[in-house]
file work_6.tsv (TSV, C-alpha atoms)
chain	number	residue	atom	x	y	z
J	23	MET	CA	-0.68	-17.56	12.60
J	24	ARG	CA	-4.28	-17.44	13.80
J	25	PHE	CA	-6.85	-16.08	11.35
J	26	GLU	CA	-4.34	-16.15	8.50
J	27	ALA	CA	-6.97	-16.98	5.88
J	28	LEU	CA	-9.22	-14.22	7.22
J	29	ALA	CA	-6.36	-11.70	7.06
J	30	GLU	CA	-5.68	-12.67	3.46
J	31	THR	CA	-9.35	-12.26	2.52
J	32	LEU	CA	-9.44	-8.82	4.09
J	33	LEU	CA	-6.22	-7.65	2.42
J	34	LYS	CA	-7.50	-8.83	-0.95
J	35	GLY	CA	-10.73	-6.98	-0.20
J	36	GLY	CA	-8.78	-3.74	0.15
J	37	ILE	CA	-8.86	-3.36	3.94
J	38	ALA	CA	-5.87	-1.34	5.15
J	39	PRO	CA	-3.11	-3.58	6.53
J	40	ARG	CA	-3.05	-1.76	9.89
J	41	HIS	CA	-6.78	-2.46	10.40
J	42	VAL	CA	-6.26	-6.09	9.40
J	43	ARG	CA	-3.40	-6.50	11.89
J	44	ARG	CA	-5.40	-4.91	14.69
J	45	TYR	CA	-8.55	-6.89	13.87
J	46	VAL	CA	-6.65	-10.17	13.89
J	47	GLY	CA	-4.94	-9.22	17.16
J	48	GLU	CA	-8.23	-8.29	18.79
J	49	LEU	CA	-9.95	-11.46	17.55
J	50	SER	CA	-7.09	-13.52	18.89
J	51	ASP	CA	-7.39	-11.91	22.33
J	52	HIS	CA	-11.16	-12.27	22.22
J	53	LEU	CA	-10.85	-15.96	21.36
J	54	ASP	CA	-8.52	-16.49	24.32
J	55	ASP	CA	-11.11	-14.88	26.60
J	56	LEU	CA	-13.88	-17.04	25.15
J	57	VAL	CA	-11.84	-20.23	25.58
J	58	ARG	CA	-11.20	-19.31	29.20
J	59	ARG	CA	-14.92	-18.73	29.71
J	60	GLN	CA	-15.71	-22.13	28.20
J	61	GLN	CA	-13.15	-23.78	30.44
J	62	GLU	CA	-14.68	-22.09	33.48
J	63	ALA	CA	-18.04	-23.44	32.31
J	64	GLY	CA	-16.62	-26.98	32.42
J	65	TYR	CA	-15.52	-27.59	28.83
J	66	HIS	CA	-11.96	-28.64	28.14
J	67	GLY	CA	-9.49	-29.15	25.31
J	68	ASP	CA	-10.78	-29.02	21.75
J	69	GLU	CA	-14.38	-28.75	22.86
J	70	ALA	CA	-13.69	-25.47	24.68
J	71	VAL	CA	-11.87	-24.12	21.63
J	72	LEU	CA	-14.60	-25.17	19.20
J	73	ARG	CA	-17.33	-23.64	21.32
J	74	ALA	CA	-15.33	-20.44	21.68
J	75	ARG	CA	-14.73	-20.26	17.94
J	76	ALA	CA	-18.44	-20.68	17.24
J	77	LEU	CA	-19.24	-17.82	19.59
J	78	LEU	CA	-16.69	-15.57	17.91
J	79	GLY	CA	-18.25	-16.12	14.47
J	80	ASP	CA	-17.01	-17.96	11.39
J	81	ASP	CA	-14.45	-16.51	9.01
J	82	ARG	CA	-17.06	-15.58	6.41
J	83	GLU	CA	-19.11	-13.63	8.94
J	84	LEU	CA	-16.01	-11.94	10.37
J	85	ALA	CA	-14.76	-10.97	6.91
J	86	ALA	CA	-18.15	-9.71	5.73
J	87	ALA	CA	-18.48	-7.42	8.76
J	88	MET	CA	-15.10	-5.84	8.07
J	89	LEU	CA	-15.58	-5.56	4.30
J	90	ALA	CA	-18.90	-3.81	4.88
J	91	GLU	CA	-17.01	-0.85	6.42
J	92	PRO	CA	-15.82	1.16	3.41
J	93	THR	CA	-13.85	3.59	5.57
J	94	LEU	CA	-11.49	0.79	6.62
J	95	LYS	CA	-10.18	0.35	3.09
J	96	SER	CA	-6.75	1.75	2.31
J	97	TRP	CA	-6.68	4.65	-0.07
J	98	PRO	CA	-4.39	2.84	-2.55
J	99	ALA	CA	-7.16	0.22	-2.72
J	100	ARG	CA	-9.95	2.77	-2.92
J	101	LEU	CA	-8.23	5.12	-5.39
J	102	PRO	CA	-5.45	3.14	-7.07
J	103	TRP	CA	-5.36	5.48	-10.06
J	104	LEU	CA	-4.51	8.32	-7.68
J	105	PHE	CA	-1.90	6.44	-5.67
J	106	PHE	CA	-0.20	4.71	-8.60
J	107	GLY	CA	-1.10	7.07	-11.43
J	108	LEU	CA	-1.04	10.65	-10.22
J	109	PHE	CA	1.00	10.54	-7.03
J	110	PRO	CA	4.28	9.05	-8.44
J	111	PRO	CA	5.12	11.73	-11.02
J	112	LEU	CA	4.09	14.52	-8.65
J	113	ALA	CA	6.19	13.01	-5.86
J	114	VAL	CA	9.23	12.73	-8.12
J	115	ILE	CA	8.94	16.36	-9.19
J	116	ALA	CA	8.31	17.58	-5.63
J	117	LEU	CA	11.22	15.56	-4.22
J	118	PHE	CA	13.64	16.87	-6.83
J	119	PHE	CA	12.80	20.48	-6.22
J	120	LEU	CA	12.41	20.28	-2.47
J	121	THR	CA	15.86	18.72	-2.29
J	122	ILE	CA	17.72	21.28	-4.31
J	123	LEU	CA	15.90	24.31	-2.89
J	124	PRO	CA	17.78	24.41	0.44
J	125	VAL	CA	21.10	23.93	-1.38
J	126	VAL	CA	20.28	26.75	-3.76
J	127	GLY	CA	19.28	28.91	-0.78
J	128	LEU	CA	22.56	28.13	0.91
J	129	ALA	CA	24.46	28.91	-2.28
J	130	VAL	CA	22.75	32.30	-2.51
J	131	LEU	CA	23.73	33.09	1.08
J	132	LEU	CA	27.33	32.05	0.42
J	133	ARG	CA	27.51	34.04	-2.79
J	134	ASP	CA	26.47	37.16	-0.93
J	135	ALA	CA	28.88	36.46	1.92
J	136	LEU	CA	31.93	35.60	-0.18
J	137	PRO	CA	34.08	38.17	-2.01
J	138	HIS	CA	32.99	38.74	-5.59
J	139	GLY	CA	34.24	36.00	-7.91
J	140	ALA	CA	35.48	33.74	-5.10
J	141	ALA	CA	35.03	29.98	-5.51
J	142	MET	CA	32.54	28.17	-3.32
J	143	PRO	CA	34.12	26.44	-0.30
J	144	ASP	CA	34.99	22.76	-0.63
J	145	TRP	CA	32.43	21.66	1.97
J	146	PHE	CA	29.67	23.28	-0.06
J	147	ARG	CA	30.81	21.51	-3.21
J	148	ALA	CA	30.80	18.20	-1.34
J	149	LEU	CA	27.32	18.91	0.02
J	150	ALA	CA	25.97	19.90	-3.37
J	151	TYR	CA	27.43	16.83	-5.07
J	152	GLY	CA	26.01	14.63	-2.31
J	153	VAL	CA	22.57	16.13	-2.64
J	154	THR	CA	22.55	15.89	-6.41
J	155	GLY	CA	23.70	12.29	-6.18
J	156	ILE	CA	20.86	11.44	-3.81
J	157	ALA	CA	18.32	13.30	-5.93
J	158	ASN	CA	19.43	11.65	-9.16
J	159	LEU	CA	19.97	8.10	-8.02
J	160	LEU	CA	17.87	7.47	-4.92
J	161	PHE	CA	14.53	9.23	-5.13
J	162	ALA	CA	13.05	7.63	-8.24
J	163	PRO	CA	14.21	4.08	-7.34
J	164	GLY	CA	13.08	4.65	-3.73
J	165	LEU	CA	9.62	5.67	-4.86
J	166	ALA	CA	9.45	2.64	-7.15
J	167	VAL	CA	10.24	0.35	-4.19
J	168	LEU	CA	7.58	2.16	-2.16
J	169	MET	CA	4.96	1.57	-4.88
J	170	ILE	CA	5.76	-2.12	-5.17
J	171	THR	CA	5.87	-2.66	-1.40
J	172	ALA	CA	2.59	-0.81	-0.88
J	173	ALA	CA	0.85	-2.83	-3.57
J	174	ARG	CA	2.23	-6.11	-2.27
J	175	HIS	CA	1.17	-5.42	1.33
J	176	ARG	CA	-2.31	-4.62	0.09
J	177	ARG	CA	-2.51	-7.55	-2.36
J	178	LEU	CA	-3.42	-5.15	-5.15
J	179	ALA	CA	-3.37	-6.15	-8.80
J	180	MET	CA	0.22	-6.12	-10.09
J	181	GLY	CA	-0.67	-3.80	-12.93
J	182	TRP	CA	-0.88	-0.87	-10.53
J	183	PRO	CA	2.70	-0.89	-9.20
J	184	VAL	CA	3.93	-1.63	-12.71
J	185	LEU	CA	2.11	1.49	-13.93
J	186	GLY	CA	3.42	3.51	-10.97
J	187	THR	CA	7.01	2.40	-11.54
J	188	LEU	CA	6.88	3.15	-15.26
J	189	LEU	CA	5.50	6.61	-14.51
J	190	ILE	CA	8.25	7.20	-11.96
J	191	ALA	CA	10.87	6.07	-14.45
J	192	ALA	CA	9.42	8.29	-17.16
J	193	THR	CA	9.17	11.30	-14.86
J	194	GLY	CA	12.55	10.69	-13.25
J	195	ALA	CA	14.16	10.49	-16.67
J	196	GLN	CA	12.91	14.01	-17.32
J	197	PHE	CA	14.96	15.41	-14.47
J	198	GLN	CA	18.60	15.54	-13.69
J	199	VAL	CA	20.02	17.66	-10.97
J	200	GLY	CA	23.39	19.10	-11.76
J	201	PHE	CA	26.00	21.12	-9.94
J	202	GLY	CA	28.38	23.08	-12.11
J	203	THR	CA	31.55	24.86	-11.04
J	204	PRO	CA	30.36	28.32	-10.11
J	205	GLY	CA	31.94	31.31	-11.65
J	206	ASN	CA	31.16	34.97	-12.08
J	207	GLY	CA	28.73	34.81	-9.19
J	208	HIS	CA	26.55	32.07	-10.71
J	209	ILE	CA	25.33	29.20	-8.58
J	210	GLY	CA	25.37	26.48	-11.17
J	211	LEU	CA	22.86	24.19	-9.48
J	212	GLY	CA	19.51	23.24	-10.88
J	213	ALA	CA	17.21	20.63	-12.34
J	214	LEU	CA	16.85	20.03	-16.04
J	215	LEU	CA	13.64	19.00	-17.69
J	216	TRP	CA	14.58	16.62	-20.46
J	217	LEU	CA	11.86	17.73	-22.84
J	218	TRP	CA	13.01	21.32	-22.61
J	219	HIS	CA	16.73	20.76	-22.34
J	220	ALA	CA	17.20	17.57	-24.27
J	221	PRO	CA	20.75	18.31	-25.46
J	222	ALA	CA	21.96	19.05	-21.93
J	223	THR	CA	20.51	15.91	-20.34
J	224	MET	CA	21.32	13.70	-23.30
J	225	TRP	CA	24.90	14.77	-22.89
J	226	ASN	CA	24.77	13.22	-19.44
J	227	GLY	CA	23.56	9.90	-20.86
J	228	PRO	CA	25.26	7.57	-18.35
J	229	LEU	CA	23.54	9.28	-15.42
J	230	ALA	CA	20.16	9.17	-17.15
J	231	LEU	CA	20.66	5.48	-17.95
J	232	ALA	CA	21.74	4.64	-14.39
J	233	GLN	CA	18.72	6.49	-13.04
J	234	LEU	CA	16.39	4.60	-15.36
J	235	LEU	CA	17.87	1.17	-14.66
J	236	LEU	CA	17.83	1.70	-10.89
J	237	THR	CA	14.19	2.75	-11.05
J	238	LEU	CA	13.18	-0.27	-13.11
J	239	ALA	CA	15.32	-2.71	-11.11
J	240	PRO	CA	12.71	-3.36	-8.36
J	241	LEU	CA	10.25	-4.22	-11.11
J	242	ALA	CA	12.63	-6.78	-12.57
J	243	LEU	CA	13.14	-8.34	-9.15
J	244	LEU	CA	9.39	-8.45	-8.69
J	245	TRP	CA	9.07	-10.30	-11.98
J	246	ARG	CA	11.84	-12.76	-11.19
J	247	GLY	CA	11.00	-13.76	-7.64
J	248	GLY	CA	7.85	-12.09	-6.49
J	249	MET	CA	5.17	-13.32	-8.83
J	250	THR	CA	4.47	-16.55	-7.03
J	251	ARG	CA	4.65	-15.06	-3.56
J	252	TRP	CA	2.42	-12.19	-4.68
J	253	THR	CA	-0.33	-14.37	-6.01
J	254	GLN	CA	-0.09	-16.70	-3.04
J	255	GLY	CA	0.10	-13.73	-0.63
Q	474	MET	CA	-36.09	2.92	5.03
Q	475	ALA	CA	-35.65	4.98	8.17
Q	476	ASP	CA	-36.36	1.85	10.23
Q	477	ALA	CA	-33.68	-0.07	8.38
Q	478	VAL	CA	-31.18	2.69	9.05
Q	479	LEU	CA	-32.15	2.77	12.69
Q	480	ALA	CA	-32.01	-1.01	13.03
Q	481	ALA	CA	-28.51	-0.92	11.62
Q	482	GLY	CA	-27.69	1.72	14.21
Q	483	ILE	CA	-28.79	-0.28	17.28
Q	484	PRO	CA	-25.41	-1.97	17.94
Q	485	GLU	CA	-23.76	1.39	17.41
Q	486	LEU	CA	-26.16	3.06	19.84
Q	487	MET	CA	-25.48	0.44	22.50
Q	488	ILE	CA	-21.71	0.63	22.07
Q	489	LEU	CA	-21.66	4.41	22.26
Q	490	ARG	CA	-23.84	4.34	25.36
Q	491	LEU	CA	-21.64	1.76	27.10
Q	492	LEU	CA	-18.49	3.69	26.31
Q	493	GLN	CA	-20.03	6.87	27.63
Q	494	ASP	CA	-19.54	5.46	31.13
Q	495	ARG	CA	-15.99	4.19	30.78
Q	496	GLU	CA	-13.34	2.83	28.43
Q	497	MET	CA	-13.79	-0.82	27.48
Q	498	TYR	CA	-12.16	-3.41	25.23
Q	499	GLY	CA	-14.03	-5.52	22.71
Q	500	TYR	CA	-14.70	-8.58	24.83
Q	501	GLU	CA	-15.95	-6.41	27.70
Q	502	ILE	CA	-18.29	-4.55	25.34
Q	503	VAL	CA	-19.83	-7.76	23.99
Q	504	GLN	CA	-20.29	-9.18	27.49
Q	505	ALA	CA	-21.84	-5.93	28.70
Q	506	ILE	CA	-24.32	-5.87	25.79
Q	507	ALA	CA	-25.29	-9.50	26.41
Q	508	ALA	CA	-25.69	-8.88	30.15
Q	509	ARG	CA	-27.74	-5.70	29.83
Q	510	THR	CA	-30.02	-7.01	27.11
Q	511	GLY	CA	-30.52	-10.40	28.80
Q	512	LYS	CA	-28.78	-11.92	25.74
Q	513	VAL	CA	-31.64	-10.69	23.53
Q	514	VAL	CA	-28.96	-8.93	21.49
Q	515	ALA	CA	-26.07	-11.35	20.97
Q	516	PRO	CA	-24.33	-10.94	17.63
Q	517	GLY	CA	-21.34	-13.02	16.53
Q	518	GLU	CA	-18.88	-11.67	19.05
Q	519	GLY	CA	-16.12	-10.90	16.56
Q	520	VAL	CA	-18.23	-8.59	14.42
Q	521	VAL	CA	-18.11	-5.86	17.07
Q	522	TYR	CA	-14.57	-4.91	16.00
Q	523	PRO	CA	-15.31	-3.64	12.49
Q	524	LEU	CA	-17.95	-1.40	14.03
Q	525	LEU	CA	-15.45	-0.14	16.61
Q	526	HIS	CA	-12.84	0.51	13.91
Q	527	GLY	CA	-15.40	2.30	11.76
Q	528	LEU	CA	-16.56	4.48	14.66
Q	529	GLU	CA	-12.97	5.33	15.44
Q	530	ARG	CA	-12.34	6.30	11.81
Q	531	ALA	CA	-15.43	8.52	12.01
Q	532	GLY	CA	-13.97	10.23	15.07
Q	533	ALA	CA	-16.67	8.96	17.44
Q	534	LEU	CA	-14.25	6.78	19.39
Q	535	LYS	CA	-10.61	6.87	20.33
Q	536	SER	CA	-8.51	3.84	21.13
Q	537	ARG	CA	-5.39	3.18	23.12
Q	538	ARG	CA	-3.46	0.11	24.07
Q	539	ARG	CA	-3.34	-0.67	27.79
Q	540	ALA	CA	-1.65	-3.48	29.63
Q	541	VAL	CA	-4.00	-5.00	32.20
Q	542	GLY	CA	-3.27	-8.18	34.13
Q	543	GLY	CA	-0.22	-8.89	32.01
Q	544	ARG	CA	-2.19	-8.65	28.76
Q	545	SER	CA	-2.20	-5.84	26.25
Q	546	ARG	CA	-5.68	-4.74	25.21
Q	547	VAL	CA	-7.08	-2.11	22.87
Q	548	TYR	CA	-9.42	0.05	24.94
Q	549	TYR	CA	-12.03	2.24	23.29
Q	550	GLY	CA	-13.42	5.46	24.69
Q	551	LEU	CA	-16.02	7.99	23.57
Q	552	THR	CA	-14.94	11.31	22.04
Q	553	ALA	CA	-16.91	14.56	22.16
Q	554	LYS	CA	-18.01	13.89	18.58
Q	555	GLY	CA	-19.11	10.42	19.65
Q	556	GLY	CA	-21.12	11.96	22.47
Q	557	ARG	CA	-23.04	14.13	20.03
Q	558	ARG	CA	-23.58	11.12	17.75
Q	559	LEU	CA	-24.94	9.18	20.74
Q	560	ASP	CA	-27.38	12.02	21.55
Q	561	ARG	CA	-28.70	12.04	17.99
Q	562	LEU	CA	-29.08	8.27	17.79
Q	563	ALA	CA	-30.71	8.08	21.23
Q	564	ALA	CA	-33.22	10.80	20.30
Q	565	ARG	CA	-34.16	8.97	17.08
Q	566	TRP	CA	-34.48	5.69	18.94
Q	567	THR	CA	-36.63	7.20	21.69
Q	568	SER	CA	-38.87	8.82	19.11
Q	569	LEU	CA	-39.34	5.63	17.09
Q	570	ASN	CA	-39.73	3.49	20.18
Q	571	GLY	CA	-42.48	5.82	21.47
Q	572	ALA	CA	-44.27	5.64	18.15
Q	573	VAL	CA	-44.16	1.83	18.03
Q	574	GLU	CA	-45.31	1.53	21.64
Q	575	ALA	CA	-48.25	3.83	20.91
Q	576	VAL	CA	-49.31	1.57	18.05
Q	577	LEU	CA	-48.86	-1.59	20.11
Q	578	ALA	CA	-50.85	-0.12	22.98
Q	579	GLY	CA	-53.83	0.22	20.63
Q	580	GLY	CA	-56.86	2.21	21.90
Q	581	ALA	CA	-58.66	5.17	20.38
Q	582	HIS	CA	-57.22	6.63	17.26
Q	583	ALA	CA	-58.33	8.85	14.45
Q	584	VAL	CA	-58.64	7.38	10.96
call {"tool": "encode", "arguments": {"input": "work_6.tsv", "output": "structure tokens"}}
result
Amino acid sequence: MRFEALAETLLKGGIAPRHVRRYVGELSDHLDDLVRRQQEAGYHGDEAVLRARALLGDDRELAAAMLAEPTLKSWPARLPWLFFGLFPPLAVIALFFLTILPVVGLAVLLRDALPHGAAMPDWFRALAYGVTGIANLLFAPGLAVLMITAARHRRLAMGWPVLGTLLIAATGAQFQVGFGTPGNGHIGLGALLWLWHAPATMWNGPLALAQLLLTLAPLALLWRGGMTRWTQG
Amino acid sequence: MADAVLAAGIPELMILRLLQDREMYGYEIVQAIAARTGKVVAPGEGVVYPLLHGLERAGALKSRRRAVGGRSRVYYGLTAKGGRRLDRLAARWTSLNGAVEAVLAGGAHAV
């Protein structure tokens, strides 16, 4: 790939990957135009390419110009403590509650529509179990993968995604979404905060353990196979 | 200090002015600057892109990809905000240029 070393320098300097990709693409097009101009001026082969490259500017000059634009840096690079420290726990909490809210709303509507004391329909049970399964087992691990991928694409220090993943795991372990068999008009769907309802969530130990292991799994994979690639880019 | 700020703004001023007339891609912009300034201003050609990206982030420019002659190019155009930025920069430049010319012209002056 053309300008590979330049791209690596820019990513390590915190420039957002989309700006790096576009810059490299534009430089590549520009170089083609310059080579054509040199050829039209009577230079051929390597000489045309060398002259064109000199006109474009050397890698150090091209990198310095980009790194001097602070607005082109990605916000995980500019504010890593926000992206990897504050955002993960808030995202976990928001995702949990935003997911169960529509199901709770639907349950309320059904409760009002059904005869008093009637069981919820089977399709609703299936939906509720599906949603709780997704909330419990996909969100926290998904966010952990997002953290690691974001950090890797931006060549950020590994400590940041490790911190983000641990925070996700810790926050995710605080929540478990459950769906109980409704009776006497109760919905039986909600999220438990471990600190406040320790006995209830501890009772569901296997789920909590599965959630924790799935969240930490991307970190383990990163440790096993990603270290070398990470440091080499 | 003000001069340094203005000097740093000269490439920006020229780019905004060129794009006021029509959309252009990077290579075109560099060639147009070299042609209009008689190559007096000829920076490393690649360094125009960070400036274009920065101006776009600031809302002064907008970009879009266009296929021309079988090649896909990123074209830049001036926004309304960019137009106002150009007016401000041009006014500062005109003011400073007038002041420098007055000094260079010499002649009677009060001490």
call {"tool": "interface_residues", "arguments": {"input": "work_6.tsv", "of": "chain Q", "to": "chain J", "cutoff": "8 Å", "atoms": "all atoms listed in the file", "output": "PDB file with C-alpha atoms, in the frame of the given file"}}
result
ATOM      1  CA  GLY Q 499     -14.030  -5.520  22.710  1.00  0.00           C
ATOM      2  CA  TYR Q 500     -14.700  -8.580  24.830  1.00  0.00           C
ATOM      3  CA  GLY Q 517     -21.340 -13.020  16.530  1.00  0.00           C
ATOM      4  CA  GLU Q 518     -18.880 -11.670  19.050  1.00  0.00           C
ATOM      5  CA  GLY Q 519     -16.120 -10.900  16.560  1.00  0.00           C
ATOM      6  CA  VAL Q 520     -18.230  -8.590  14.420  1.00  0.00           C
ATOM      7  CA  TYR Q 522     -14.570  -4.910  16.000  1.00  0.00           C
ATOM      8  CA  PRO Q 523     -15.310  -3.640  12.490  1.00  0.00           C
ATOM      9  CA  LEU Q 524     -17.950  -1.400  14.030  1.00  0.00           C
ATOM     10  CA  HIS Q 526     -12.840   0.510  13.910  1.00  0.00           C
ATOM     11  CA  GLY Q 527     -15.400   2.300  11.760  1.00  0.00           C
ATOM     12  CA  ARG Q 530     -12.340   6.300  11.810  1.00  0.00           C
ATOM     13  CA  ARG Q 546      -5.680  -4.740  25.210  1.00  0.00           C
ATOM     14  CA  VAL Q 547      -7.080  -2.110  22.870  1.00  0.00           C
TER      15      VAL Q 547
END
call {"tool": "closest_residue", "arguments": {"input": "work_6.tsv", "among": "J:Ile170, J:Ala239, J:Ile115, J:Leu120", "to": "Gly194 of chain J", "atoms": "all atoms listed in the file"}}
result
J:Ile115
call {"tool": "atom_distance", "arguments": {"input": "work_6.tsv", "atom1": "atom CA of Gln61 of chain J", "atom2": "atom CA of Leu28 of chain J"}}
result
25.4 Å
call {"tool": "residues_around", "arguments": {"input": "work_6.tsv", "residues": "Met497 of chain Q", "least_positions_apart": "4", "cutoff": "12 Å", "atoms": "all atoms listed in the file", "output": "JSON, numbers by chain"}}
result
{"Q": [488, 489, 490, 491, 492, 493, 501, 502, 503, 504, 505, 506, 525, 534, 535, 536, 537, 538, 539, 541, 546, 547, 548, 549, 550, 551]}
call {"tool": "atom_distance", "arguments": {"input": "work_6.tsv", "atom1": "atom CA of Ile190 of chain J", "atom2": "atom CA of Ala129 of chain J"}}
result
28.8 Å
call {"tool": "atom_distance", "arguments": {"input": "work_6.tsv", "atom1": "atom CA of Ala99 of chain J", "atom2": "atom CA of Leu159 of chain J"}}
result
28.7 Å
call {"tool": "closest_residue", "arguments": {"input": "work_6.tsv", "among": "J:Gly64, J:Gly139, J:Gly181, J:Pro124", "to": "Thr154 of chain J", "atoms": "all atoms listed in the file"}}
result
J:Pro124
call {"tool": "closest_residue", "arguments": {"input": "work_6.tsv", "among": "J:Pro39, J:Gly107, J:Pro137, J:Pro240", "to": "Ala166 of chain J", "atoms": "all atoms listed in the file"}}
result
J:Pro240
call {"tool": "decode", "arguments": {"input": "work_6.tsv", "residues": "segment 139-175 of chain J", "atoms": "C-alpha atoms", "output": "short mmCIF file (atom, residue, chain, number, x, y, z; two decimals), in the first residue's frame"}}
result
data_model
loop_
_atom_site.label_atom_id
_atom_site.label_comp_id
_atom_site.auth_asym_id
_atom_site.auth_seq_id
_atom_site.Cartn_x
_atom_site.Cartn_y
_atom_site.Cartn_z
CA GLY J 139 -55.11 -12.95 36.10
CA ALA J 140 -54.63 -14.36 32.59
CA ALA J 141 -51.16 -15.62 31.66
CA MET J 142 -49.12 -13.71 29.12
CA PRO J 143 -49.28 -15.15 25.60
CA ASP J 144 -46.52 -17.53 24.53
CA TRP J 145 -45.16 -15.15 21.87
CA PHE J 146 -44.63 -12.50 24.52
CA ARG J 147 -42.78 -14.94 26.74
CA ALA J 148 -40.55 -15.90 23.82
CA LEU J 149 -39.91 -12.23 23.02
CA ALA J 150 -39.12 -11.38 26.62
CA TYR J 151 -36.75 -14.33 27.00
CA GLY J 152 -35.05 -13.38 23.74
CA VAL J 153 -34.59 -9.80 24.80
CA THR J 154 -33.29 -10.71 28.22
CA GLY J 155 -30.89 -13.18 26.64
CA ILE J 156 -29.54 -10.50 24.32
CA ALA J 157 -29.29 -7.97 27.12
CA ASN J 158 -27.50 -10.34 29.46
CA LEU J 159 -25.12 -12.05 27.09
CA LEU J 160 -24.50 -9.78 24.11
CA PHE J 161 -24.34 -6.14 25.16
CA ALA J 162 -21.42 -6.20 27.57
CA PRO J 163 -19.26 -8.50 25.39
CA GLY J 164 -20.25 -6.47 22.30
CA LEU J 165 -19.16 -3.25 23.94
CA ALA J 166 -15.88 -4.86 24.99
CA VAL J 167 -15.20 -5.86 21.37
CA LEU J 168 -16.06 -2.31 20.30
CA MET J 169 -13.54 -0.85 22.78
CA ILE J 170 -10.75 -3.16 21.67
CA THR J 171 -11.45 -2.65 17.97
CA ALA J 172 -11.61 1.13 18.35
CA ALA J 173 -8.33 1.22 20.24
CA ARG J 174 -6.61 -1.07 17.77
CA HIS J 175 -7.74 0.94 14.73
#
